[in-house]
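Trainee: My structure is in data03.txt, and what it holds is compact mmCIF, C-alpha atoms:
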```
# COMPACT_ATOMS: atom_id res chain seq x y z
CA MET M 1 -53.64 92.41 -14.73
CA SER M 2 -51.46 89.62 -13.50
CA ARG M 3 -48.39 89.18 -11.42
CA GLU M 4 -45.14 88.82 -13.35
CA ARG M 5 -43.63 85.39 -13.75
CA ASP M 6 -40.79 84.70 -11.30
CA SER M 7 -41.56 87.79 -9.20
CA LEU M 8 -41.12 87.21 -5.47
CA VAL M 9 -44.10 86.58 -3.21
CA VAL M 10 -43.75 86.43 0.56
CA CYS M 11 -46.44 84.51 2.45
CA GLY M 12 -48.32 87.02 4.64
CA GLN M 13 -49.00 84.36 7.27
CA CYS M 14 -45.58 82.77 7.81
CA GLY M 15 -43.06 84.90 5.88
CA LYS M 16 -41.75 82.22 3.52
CA ALA M 17 -40.65 83.53 0.10
CA HIS M 18 -41.85 81.94 -3.16
CA ARG M 19 -41.39 82.56 -6.85
CA TRP M 20 -44.64 83.28 -8.68
CA ARG M 21 -45.81 81.08 -11.56
CA PRO M 22 -48.85 82.27 -13.57
CA LEU M 23 -51.99 80.38 -12.54
CA ALA M 24 -54.95 78.98 -14.44
CA PRO M 25 -58.18 81.01 -13.83
CA THR M 26 -59.69 78.89 -11.04
CA SER M 27 -56.56 77.62 -9.34
CA VAL M 28 -55.09 78.84 -6.08
CA ALA M 29 -51.43 78.99 -5.04
CA ARG M 30 -50.75 78.02 -1.44
CA CYS M 31 -47.70 78.53 0.75
CA THR M 32 -45.54 75.40 0.79
CA ARG M 33 -44.97 75.75 4.53
CA CYS M 34 -48.19 76.96 6.20
CA GLU M 35 -50.68 76.31 3.34
CA ALA M 36 -52.10 79.87 3.46
CA ILE M 37 -53.34 81.26 0.14
CA LEU M 38 -50.55 83.12 -1.71
CA GLY M 39 -52.63 84.20 -4.67
CA ARG M 40 -55.36 83.21 -7.09
CA GLY M 41 -55.54 82.83 -10.84
CA HIS M 42 -56.84 85.53 -13.14
CA ARG M 43 -59.67 87.37 -11.33
CA GLY M 44 -61.19 89.56 -14.05
CA THR M 45 -60.34 93.08 -15.02
CA ILE M 46 -60.35 96.48 -13.31
CA GLN M 47 -63.47 97.28 -15.36
CA SER M 48 -65.42 94.30 -14.00
CA LEU M 49 -64.34 95.15 -10.45
CA LEU M 50 -65.44 98.75 -11.03
CA SER M 51 -68.86 97.68 -12.30
CA LEU M 52 -69.38 95.44 -9.24
CA THR M 53 -68.39 98.33 -6.98
CA ILE M 54 -70.78 100.78 -8.68
CA THR M 55 -73.64 98.25 -8.37
CA ALA M 56 -72.87 97.67 -4.70
CA THR M 57 -72.69 101.43 -4.01
CA VAL M 58 -76.10 102.11 -5.59
CA ILE M 59 -77.76 99.23 -3.69
CA PHE M 60 -76.03 100.19 -0.43
CA LEU M 61 -77.33 103.78 -0.70
CA ILE M 62 -80.87 102.51 -1.38
CA ALA M 63 -80.58 100.05 1.54
CA LEU M 64 -79.51 102.88 3.87
CA ALA M 65 -82.55 104.97 2.98
CA SER M 66 -85.16 102.19 3.19
CA ASP M 67 -86.74 100.29 6.05
CA VAL M 68 -84.96 97.15 7.19
CA LEU M 69 -87.80 95.91 9.39
CA THR M 70 -91.42 96.89 9.98
CA LEU M 71 -93.34 95.77 13.04
CA ASP M 72 -97.11 96.05 13.16
CA MET M 73 -98.67 95.80 16.61
CA ARG M 74 -102.45 96.12 16.70
CA GLY M 75 -102.47 98.72 13.93
CA VAL M 76 -99.49 100.71 15.17
CA ALA M 77 -96.51 100.25 12.88
CA ARG M 78 -92.88 100.89 13.72
CA SER M 79 -90.12 100.54 11.16
CA THR M 80 -86.42 101.14 11.28
CA THR M 81 -83.61 101.88 8.86
CA LEU M 82 -79.93 101.15 9.48
CA PRO M 83 -79.08 104.80 10.38
CA GLY M 84 -82.35 104.96 12.34
CA ALA M 85 -81.34 102.00 14.51
CA ILE M 86 -77.99 103.69 15.24
CA SER M 87 -79.59 107.00 16.26
CA ALA M 88 -82.18 105.16 18.41
CA MET M 89 -79.32 103.50 20.31
CA TRP M 90 -77.64 106.90 20.77
CA GLU M 91 -80.83 108.46 22.15
CA GLU M 92 -81.30 105.57 24.54
CA GLY M 93 -77.99 106.38 26.21
CA GLN M 94 -76.00 103.54 24.63
CA GLN M 95 -73.59 105.86 22.82
CA ALA M 96 -70.70 103.38 22.76
CA ILE M 97 -72.87 100.73 21.07
CA ALA M 98 -74.21 103.36 18.64
CA VAL M 99 -70.66 104.40 17.66
CA LEU M 100 -69.52 100.77 17.31
CA THR M 101 -72.52 99.92 15.11
CA ALA M 102 -71.96 103.08 13.05
CA ILE M 103 -68.28 102.20 12.46
CA THR M 104 -68.81 98.53 11.60
CA ALA M 105 -72.10 98.63 9.65
CA LEU M 106 -72.05 102.14 8.14
CA ILE M 107 -68.65 103.88 7.99
CA ALA M 108 -66.46 100.85 7.20
CA PRO M 109 -68.67 99.63 4.32
CA ALA M 110 -69.00 103.22 3.04
CA LEU M 111 -65.20 103.55 3.00
CA PHE M 112 -64.92 100.07 1.47
CA LEU M 113 -67.01 101.26 -1.50
CA GLY M 114 -66.11 104.96 -1.64
CA LEU M 115 -62.35 104.48 -1.64
CA ARG M 116 -62.62 101.69 -4.21
CA LEU M 117 -64.59 104.02 -6.51
CA TYR M 118 -62.03 106.78 -5.97
CA VAL M 119 -59.18 104.43 -6.85
CA LEU M 120 -60.80 102.30 -9.59
CA VAL M 121 -62.23 105.10 -11.78
CA PRO M 122 -58.81 106.67 -12.55
CA LEU M 123 -57.14 103.23 -12.78
CA ALA M 124 -59.71 102.08 -15.36
CA ALA M 125 -58.85 105.22 -17.36
CA GLY M 126 -55.13 104.42 -17.07
CA ARG M 127 -54.26 107.13 -14.56
CA LEU M 128 -52.93 106.87 -11.00
CA PRO M 129 -55.19 108.53 -8.39
CA ARG M 130 -53.70 110.96 -5.86
CA GLY M 131 -52.89 109.40 -2.51
CA PHE M 132 -53.15 105.88 -3.98
CA ALA M 133 -50.90 104.25 -1.35
CA ALA M 134 -52.84 105.78 1.56
CA CYS M 135 -56.16 104.70 -0.04
CA VAL M 136 -55.04 101.07 -0.33
CA ARG M 137 -53.90 101.09 3.31
CA LEU M 138 -57.25 102.54 4.42
CA LEU M 139 -59.05 99.94 2.29
CA HIS M 140 -57.24 97.16 4.18
CA LEU M 141 -58.51 98.71 7.44
CA ALA M 142 -62.07 99.20 6.12
CA GLY M 143 -62.20 95.57 4.98
CA ARG M 144 -61.14 94.38 8.40
CA TRP M 145 -63.86 96.26 10.32
CA ASN M 146 -66.65 96.00 7.76
CA MET M 147 -69.40 93.81 9.26
CA VAL M 148 -72.34 94.60 6.99
CA GLU M 149 -72.84 90.87 6.35
CA VAL M 150 -73.12 90.18 10.09
CA PHE M 151 -75.64 93.03 10.40
CA THR M 152 -77.71 91.50 7.57
CA ILE M 153 -77.88 88.11 9.28
CA GLY M 154 -78.61 89.95 12.56
CA ALA M 155 -81.57 91.66 10.87
CA LEU M 156 -82.89 88.30 9.66
CA LEU M 157 -82.57 86.90 13.17
CA SER M 158 -84.40 89.92 14.64
CA LEU M 159 -87.16 89.42 12.10
CA VAL M 160 -87.74 85.85 13.31
CA ARG M 161 -87.67 86.92 16.96
CA LEU M 162 -90.08 89.81 16.28
CA SER M 163 -92.53 87.62 14.39
CA SER M 164 -93.35 85.82 17.64
CA LEU M 165 -94.43 89.20 19.10
CA ALA M 166 -96.40 90.79 16.29
CA ASP M 167 -96.59 91.10 12.50
CA ALA M 168 -92.99 91.59 11.38
CA VAL M 169 -92.27 92.33 7.73
CA PRO M 170 -88.85 92.56 6.06
CA GLY M 171 -88.41 95.92 4.32
CA PRO M 172 -86.63 96.71 1.04
CA GLY M 173 -83.56 97.66 3.12
CA LEU M 174 -83.11 94.06 4.22
CA PHE M 175 -83.18 92.77 0.63
CA GLY M 176 -80.74 95.53 -0.33
CA LEU M 177 -78.37 94.55 2.47
CA GLY M 178 -78.58 90.92 1.36
CA ALA M 179 -77.54 91.91 -2.18
CA VAL M 180 -74.75 94.15 -0.83
CA MET M 181 -73.49 91.25 1.28
CA ILE M 182 -73.10 89.03 -1.81
CA LEU M 183 -71.51 91.82 -3.91
CA PHE M 184 -69.03 92.58 -1.11
CA ALA M 185 -67.91 88.95 -1.08
CA GLY M 186 -67.30 89.15 -4.84
CA ILE M 187 -65.39 92.44 -4.61
CA GLU M 188 -63.33 91.25 -1.65
CA SER M 189 -62.29 87.98 -3.32
CA ALA M 190 -60.19 89.98 -5.79
CA GLY M 191 -58.01 91.21 -2.92
CA LEU M 192 -56.24 94.56 -2.74
CA LYS M 193 -52.59 93.93 -3.54
CA HIS M 194 -53.42 93.29 -7.20
CA LEU M 195 -54.36 96.99 -7.55
CA TRP M 196 -50.63 97.66 -7.38
CA TRP M 197 -49.97 95.49 -10.44
CA GLN M 198 -51.61 98.25 -12.50
CA VAL M 199 -48.83 100.59 -11.45
CA ARG M 200 -45.63 100.06 -13.36
CA MET Y 1 -54.57 69.88 -0.08
CA SER Y 2 -51.08 69.82 -1.48
CA PRO Y 3 -49.56 73.20 -2.29
CA ASP Y 4 -50.00 74.26 -5.90
CA GLU Y 5 -46.86 73.75 -7.91
CA SER Y 6 -47.05 77.31 -9.21
CA GLY Y 7 -45.83 78.71 -5.90
CA THR Y 8 -42.31 77.32 -5.84
CA PRO Y 9 -40.22 78.14 -2.79
CA VAL Y 10 -37.07 80.15 -3.41
CA ALA Y 11 -33.61 78.87 -2.59
CA ALA Y 12 -32.50 79.38 1.00
CA ASP Y 13 -29.35 81.33 0.03
CA LEU Y 14 -31.34 84.56 -0.51
CA PRO Y 15 -31.07 87.34 2.13
CA PRO Y 16 -33.97 87.68 4.61
CA LEU Y 17 -37.01 89.06 2.76
CA LEU Y 18 -40.01 91.09 3.89
CA GLY Y 19 -43.36 91.24 2.09
CA CYS Y 20 -45.31 94.51 2.28
CA GLU Y 21 -48.66 93.90 3.97
CA SER Y 22 -50.31 96.65 1.94
CA CYS Y 23 -48.98 96.27 -1.62
CA GLY Y 24 -47.19 92.90 -1.58
CA LEU Y 25 -43.82 94.17 -2.81
CA VAL Y 26 -40.90 92.11 -1.50
CA SER Y 27 -37.91 93.95 -0.04
CA GLU Y 28 -34.67 92.86 1.53
CA ASP Y 29 -34.72 93.10 5.33
CA VAL Y 30 -32.03 95.78 5.84
CA LEU Y 31 -32.43 95.96 9.61
CA GLY Y 32 -31.68 92.25 9.89
CA ALA Y 33 -34.07 89.59 11.08
CA ASP Y 34 -32.97 89.87 14.70
CA ILE Y 35 -36.27 88.77 16.20
CA GLU Y 36 -35.12 88.85 19.83
CA ARG Y 37 -34.01 92.47 19.63
CA ALA Y 38 -36.99 93.56 17.52
CA ALA Y 39 -39.38 92.09 20.10
CA ALA Y 40 -37.53 93.72 22.99
CA SER Y 41 -37.38 97.29 21.68
CA PRO Y 42 -40.52 98.67 20.02
CA ARG Y 43 -38.81 101.96 19.17
CA ARG Y 44 -36.16 100.60 16.86
CA ARG Y 45 -35.51 102.12 13.44
CA VAL Y 46 -38.21 101.36 10.92
CA GLN Y 47 -37.94 100.25 7.32
CA LYS Y 48 -40.60 101.42 4.87
CA CYS Y 49 -41.81 99.84 1.66
CA SER Y 50 -40.04 101.49 -1.28
CA ARG Y 51 -43.19 101.41 -3.42
CA CYS Y 52 -46.09 102.38 -1.12
CA GLY Y 53 -44.42 103.66 2.05
CA HIS Y 54 -46.08 101.16 4.41
CA VAL Y 55 -44.01 100.23 7.47
CA LEU Y 56 -42.31 96.84 7.08
CA HIS Y 57 -41.90 94.60 10.10
CA ALA Y 58 -40.05 91.30 10.26
CA ARG Y 59 -42.45 90.61 13.17
CA LYS Y 60 -45.22 92.80 14.57
CA PRO Y 61 -43.70 94.78 17.48
CA MET Y 62 -44.63 93.65 21.01
CA SER Y 63 -46.95 91.09 19.44
CA VAL Y 64 -47.19 88.57 22.29
CA GLN Y 65 -47.53 91.24 24.99
CA ARG Y 66 -50.31 93.06 23.12
CA THR Y 67 -52.09 89.77 22.41
CA TRP Y 68 -52.02 88.78 26.10
CA ALA Y 69 -53.27 92.23 27.18
CA CYS Y 70 -56.32 92.03 24.89
CA VAL Y 71 -57.03 88.35 25.62
CA VAL Y 72 -56.94 88.83 29.41
CA ALA Y 73 -59.17 91.94 29.19
CA ALA Y 74 -61.62 90.03 26.96
CA ALA Y 75 -61.69 87.03 29.33
CA VAL Y 76 -62.44 89.30 32.31
CA LEU Y 77 -65.23 91.15 30.47
CA TYR Y 78 -66.72 87.87 29.29
CA VAL Y 79 -67.98 87.27 32.88
CA PRO Y 80 -70.26 90.36 33.14
CA ALA Y 81 -71.28 89.82 29.52
CA ASN Y 82 -72.83 86.50 30.53
CA VAL Y 83 -74.02 87.26 34.07
CA LEU Y 84 -75.68 90.67 33.56
CA PRO Y 85 -78.84 91.14 31.47
CA ILE Y 86 -78.17 91.88 27.78
CA MET Y 87 -81.64 93.38 27.33
CA THR Y 88 -84.77 94.23 29.27
CA THR Y 89 -88.15 93.72 27.68
CA VAL Y 90 -91.25 95.63 28.71
CA GLN Y 91 -94.55 94.00 27.97
CA ALA Y 92 -97.79 95.39 29.43
CA LEU Y 93 -95.87 97.27 32.16
CA GLN Y 94 -93.94 94.17 33.18
CA HIS Y 95 -90.15 94.33 33.03
CA GLU Y 96 -88.17 91.22 32.30
CA ASP Y 97 -84.38 90.81 32.14
CA HIS Y 98 -82.77 88.54 29.55
CA THR Y 99 -79.23 87.20 29.66
CA LEU Y 100 -77.26 85.93 26.68
CA ILE Y 101 -77.70 82.26 27.60
CA GLY Y 102 -81.31 82.87 28.65
CA GLY Y 103 -82.09 84.11 25.14
CA ILE Y 104 -80.60 81.00 23.57
CA LEU Y 105 -82.54 78.70 25.93
CA GLU Y 106 -85.72 80.67 25.16
CA LEU Y 107 -85.26 80.12 21.42
CA TRP Y 108 -84.60 76.42 22.05
CA GLY Y 109 -87.72 76.16 24.21
CA GLU Y 110 -89.85 77.82 21.52
CA GLY Y 111 -88.74 75.12 19.12
CA SER Y 112 -86.43 77.30 16.99
CA TRP Y 113 -83.53 74.87 17.33
CA GLY Y 114 -81.73 76.01 14.19
CA LEU Y 115 -81.78 79.64 15.31
CA SER Y 116 -80.71 78.84 18.84
CA ILE Y 117 -77.73 76.88 17.46
CA ILE Y 118 -76.73 79.84 15.23
CA VAL Y 119 -76.92 82.25 18.17
CA PHE Y 120 -75.05 79.77 20.40
CA ILE Y 121 -72.22 79.48 17.87
CA ALA Y 122 -71.97 83.24 17.29
CA SER Y 123 -72.36 84.40 20.91
CA ILE Y 124 -70.85 81.61 23.03
CA ALA Y 125 -68.72 79.27 20.91
CA VAL Y 126 -66.88 81.88 18.79
CA PRO Y 127 -65.80 84.19 21.68
CA VAL Y 128 -64.71 81.23 23.85
CA LEU Y 129 -62.86 79.71 20.88
CA LYS Y 130 -61.11 83.01 20.15
CA ILE Y 131 -60.02 83.60 23.76
CA GLY Y 132 -58.85 79.97 24.10
CA VAL Y 133 -57.02 79.81 20.76
CA LEU Y 134 -55.29 83.19 21.18
CA GLY Y 135 -54.16 82.22 24.68
CA LEU Y 136 -52.85 78.92 23.33
CA LEU Y 137 -51.06 80.60 20.38
CA ALA Y 138 -49.46 83.27 22.59
CA TRP Y 139 -48.32 80.69 25.15
CA THR Y 140 -46.99 78.10 22.70
CA SER Y 141 -45.09 80.71 20.65
CA ARG Y 142 -42.89 81.22 23.72
CA HIS Y 143 -42.92 77.86 25.47
CA ARG Y 144 -43.65 75.14 22.87
CA PRO Y 145 -42.47 76.71 19.58
CA ALA Y 146 -42.13 73.41 17.72
CA TRP Y 147 -45.52 71.94 18.73
CA ARG Y 148 -47.96 71.24 15.84
CA ARG Y 149 -47.03 74.29 13.78
CA LEU Y 150 -49.29 73.67 10.79
CA GLU Y 151 -52.35 73.05 13.01
CA ARG Y 152 -51.64 76.24 14.98
CA ALA Y 153 -51.30 78.23 11.74
CA LYS Y 154 -54.68 76.87 10.59
CA LEU Y 155 -56.29 77.68 13.97
CA TYR Y 156 -55.09 81.27 13.61
CA ARG Y 157 -56.59 81.56 10.12
CA LEU Y 158 -59.87 80.11 11.44
CA ILE Y 159 -60.29 82.71 14.21
CA GLU Y 160 -59.20 85.45 11.81
CA ALA Y 161 -62.03 84.42 9.46
CA VAL Y 162 -64.88 83.89 11.96
CA GLY Y 163 -63.94 86.61 14.47
CA HIS Y 164 -66.42 89.33 13.55
CA TRP Y 165 -69.46 87.01 13.50
CA SER Y 166 -69.86 87.30 17.27
CA MET Y 167 -71.19 90.85 16.70
CA LEU Y 168 -74.44 89.12 15.64
CA ASP Y 169 -76.16 89.36 19.03
CA VAL Y 170 -75.15 93.02 19.46
CA TYR Y 171 -76.89 93.88 16.18
CA VAL Y 172 -79.97 91.86 17.13
CA VAL Y 173 -80.38 93.83 20.38
CA VAL Y 174 -79.79 97.12 18.50
CA LEU Y 175 -82.49 96.27 15.96
CA LEU Y 176 -84.97 94.98 18.54
CA ALA Y 177 -84.51 98.10 20.69
CA ALA Y 178 -84.95 100.33 17.63
CA THR Y 179 -88.08 98.54 16.35
CA ILE Y 180 -90.05 97.66 19.48
CA ARG Y 181 -90.97 101.14 20.69
CA PHE Y 182 -94.58 101.20 21.75
CA GLY Y 183 -94.19 103.17 25.00
CA PRO Y 184 -95.32 101.34 28.15
CA LEU Y 185 -97.08 98.62 26.13
CA ALA Y 186 -94.04 97.02 24.63
CA GLY Y 187 -90.40 97.97 24.47
CA VAL Y 188 -86.85 96.67 24.54
CA GLN Y 189 -83.95 98.32 26.32
CA ALA Y 190 -80.29 97.38 25.98
CA GLY Y 191 -78.79 96.04 29.22
CA PRO Y 192 -75.34 96.54 30.72
CA ALA Y 193 -74.10 93.18 29.37
CA LEU Y 194 -74.41 94.50 25.81
CA LEU Y 195 -71.51 96.91 26.27
CA ALA Y 196 -69.39 94.23 27.98
CA PHE Y 197 -70.13 91.74 25.21
CA ALA Y 198 -69.37 94.27 22.45
CA ALA Y 199 -66.07 95.01 24.22
CA VAL Y 200 -65.26 91.27 24.26
CA VAL Y 201 -65.83 91.10 20.49
CA VAL Y 202 -63.68 94.17 19.77
CA LEU Y 203 -60.89 93.11 22.16
CA THR Y 204 -60.67 89.58 20.71
CA MET Y 205 -60.50 91.09 17.21
CA LEU Y 206 -57.73 93.46 18.33
CA ALA Y 207 -55.92 90.50 19.93
CA THR Y 208 -56.19 88.54 16.67
CA TYR Y 209 -54.63 91.40 14.70
CA ALA Y 210 -51.98 91.99 17.41
CA PHE Y 211 -50.78 88.39 17.19
CA ASP Y 212 -48.19 87.76 14.48
CA PRO Y 213 -48.75 84.33 12.88
CA LYS Y 214 -45.11 84.33 11.75
CA LEU Y 215 -44.19 83.71 15.40
CA ILE Y 216 -45.60 80.19 14.98
CA TRP Y 217 -42.71 79.37 12.63
CA ASP Y 218 -39.91 80.98 14.67
CA ASP Y 219 -37.62 78.98 16.89
CA PRO Y 220 -36.46 81.27 19.72
CA HIS Y 221 -34.37 78.55 21.39
CA ALA Y 222 -32.39 77.64 18.27
CA ARG Y 223 -31.75 81.33 17.56
CA ARG Y 224 -30.40 81.95 21.04
CA THR Y 225 -27.78 79.20 20.79
CA ALA Y 226 -26.72 80.10 17.25
```
Starting from the file, give its structure as structure tokens.

Mentor:
Amino acid sequence: MSRERDSLVVCGQCGKAHRWRPLAPTSVARCTRCEAILGRGHRGTIQSLLSLTITATVIFLIALASDVLTLDMRGVARSTTLPGAISAMWEEGQQAIAVLTAITALIAPALFLGLRLYVLVPLAAGRLPRGFAACVRLLHLAGRWNMVEVFTIGALLSLVRLSSLADAVPGPGLFGLGAVMILFAGIESAGLKHLWWQVR
Amino acid sequence: MSPDESGTPVAADLPPLLGCESCGLVSEDVLGADIERAAASPRRRVQKCSRCGHVLHARKPMSVQRTWACVVAAAVLYVPANVLPIMTTVQALQHEDHTLIGGILELWGEGSWGLSIIVFIASIAVPVLKIGVLGLLAWTSRHRPAWRRLERAKLYRLIEAVGHWSMLDVYVVVLLAATIRFGPLAGVQAGPALLAFAAVVVLTMLATYAFDPKLIWDDPHARRTA
């Protein structure tokens, strides 16, 4: 799983062409003109990427089903899940905000994980999945609009603001989202173009 | 931060090359790198990547125009986003409006300085930075193409990386409104500024993706005389 020596690499930021030299595991190749990252050294195997993705999917599903925050006000408790917060916004008449939150905190991360699973399982078995090119393009888009990490920090911030009102407790959903946030960073650091190096 | 020696630049005698944004394959630019004409006519013939079928552009079509459109719309919407209330709180039958800046000042007054700084960066500094930087990049790419290219390229990468963090306050209001639902005793309702602010965030992100950072390295004046 590495780029071939002397293959051409064009900098995505400025368009300058370079010849690839294999890198040591932790080193980074930068564009000689604009200093953008051209590529990284060996980033692990398809199998390790697949295992990270499966872990993230399981935790994300648990996080979706559990409470993110619970507020206790004189014995009356209110808690909310991520989908619950979206539907509450919809019912309140803020449909545009509900749709935007659904796309950025629910649909984009779901595509981010689902499409990776769809692509990585056959690739790990040495086969090419159907519609591979379209999946990679959609994955680029999902990565761009995925804001689950911002939502997680937003939930932490809400927790602090709520605690001045009443008893606010973080739910298992918040811990799940925190774990998903870290796993996403790990999955994303591998990039997407390298998936094509599996295809010869 | 010197460039790693492993990425050696290729000799300049090669034909113009295009890198696929989706799969990274490098192809020869068969339509020719005529940037002036490509920018002028969005409906020119397209070249597709031979491996994955993604459309290849020497430069994103109508990049500067689309960037300006989104930046101007975001700058206009930034006014109601700050002036109108972002949320209304109900506490013991009393309604109170909160603006974006009001919320930050409230946090500061309560002694949560760290939090108020985080919210200030995400809600005020990042959107203003994005609008300012994108305006600067779009203007200089036409009028001062040779000015501080490396710094401009780094500014673009910065706003590309931090752009989505300004959604923070939108999510906070969503979560507060969904959690504080105790009828007339206590409640939170989203205000009209929330929609305007969310639109600012989305428009500045669209502007960031509409702008082509390769324009920073072009020299339109030299090309015209050649």

Trainee: Can you work out which one of Y:Thr89, Y:Pro213, Y:Asn82, Y:Gly19 has the shortest atom-to-atom distance to Y:Phe182, counting all atoms listed in the file?

Mentor: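 Going through Y:Thr89, Y:Pro213, Y:Asn82, Y:Gly19 one by one, the smallest distance to Y:Phe182 is for Y:Thr89.
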
Trainee: Can you build me a table of chain M residues sitting at most 7 Å from chain Y, with the closest atom pair per residue and its distance in Å to one decimal, using only C-alpha atoms, sorted by chain and residue number, as CSV?

Mentor:
```
residue,atom,partner,partner_atom,distance
M:Leu8,CA,Y:Val26,CA,6.3
M:Val9,CA,Y:Val26,CA,6.6
M:Val10,CA,Y:Gly19,CA,5.1
M:Gly12,CA,Y:Glu21,CA,6.9
M:Gln13,CA,Y:Pro213,CA,5.6
M:Cys14,CA,Y:Lys214,CA,4.3
M:Gly15,CA,Y:Lys214,CA,6.2
M:Ala17,CA,Y:Val10,CA,6.0
M:His18,CA,Y:Pro9,CA,4.2
M:Arg19,CA,Y:Thr8,CA,5.4
M:Trp20,CA,Y:Gly7,CA,5.5
M:Arg21,CA,Y:Ser6,CA,4.6
M:Pro22,CA,Y:Ser6,CA,6.8
M:Leu23,CA,Y:Ser6,CA,6.7
M:Val28,CA,Y:Asp4,CA,6.8
M:Ala29,CA,Y:Asp4,CA,5.0
M:Arg30,CA,Y:Pro3,CA,5.0
M:Cys31,CA,Y:Pro3,CA,6.4
M:Thr32,CA,Y:Pro3,CA,5.5
M:Cys34,CA,Y:Leu150,CA,5.8
M:Glu35,CA,Y:Pro3,CA,6.5
M:Leu71,CA,Y:Thr179,CA,6.8
M:Arg78,CA,Y:Thr179,CA,6.0
M:Ser79,CA,Y:Thr179,CA,5.9
M:Thr80,CA,Y:Thr179,CA,5.9
M:Ala85,CA,Y:Ala178,CA,5.1
M:Ala88,CA,Y:Ala178,CA,5.6
M:Met89,CA,Y:Val174,CA,6.6
M:Ile97,CA,Y:Leu195,CA,6.6
M:Ala133,CA,Y:Cys52,CA,5.2
M:Val136,CA,Y:Ser22,CA,6.9
M:Arg137,CA,Y:Ser22,CA,5.9
M:Met147,CA,Y:His164,CA,6.9
M:Val150,CA,Y:Leu168,CA,5.8
M:Phe151,CA,Y:Tyr171,CA,6.0
M:Gly154,CA,Y:Val172,CA,5.1
M:Ala155,CA,Y:Val172,CA,6.5
M:Leu157,CA,Y:Val172,CA,6.9
M:Ser158,CA,Y:Val172,CA,5.4
M:Lys193,CA,Y:Cys23,CA,4.7
M:Trp196,CA,Y:Cys23,CA,6.2
```

Trainee: Can you pull out the residues contacting M:Met73? Cut-off 7 Å, using only C-alpha atoms, and skip same-chain residues under 3 positions away; I want them as a list of chain:residue names.

Mentor: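 Within the cut-off, the hits are M:Val76, M:Ala77, M:Ala166, M:Asp167.
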
Trainee: Please determine, counting only C-alpha atoms, which residue among Y:Ala161, Y:Leu136, Y:Met87, Y:Val126 has the shortest atom-to-atom distance to Y:Gly187.

Mentor: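 Result for the nearest residue to Y:Gly187: Y:Met87.
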
Trainee: Can you report as AutoDock Vina command-line options the centre and edge lengths in Å, to one decimal, of an axis-aligned box around the listed atoms of stretch 44-54 of chain M padded with 8 Å on each side?

Mentor:
```
--center_x -65.6 --center_y 95.2 --center_z -11.2 --size_x 26.4 --size_y 27.2 --size_z 24.4
```
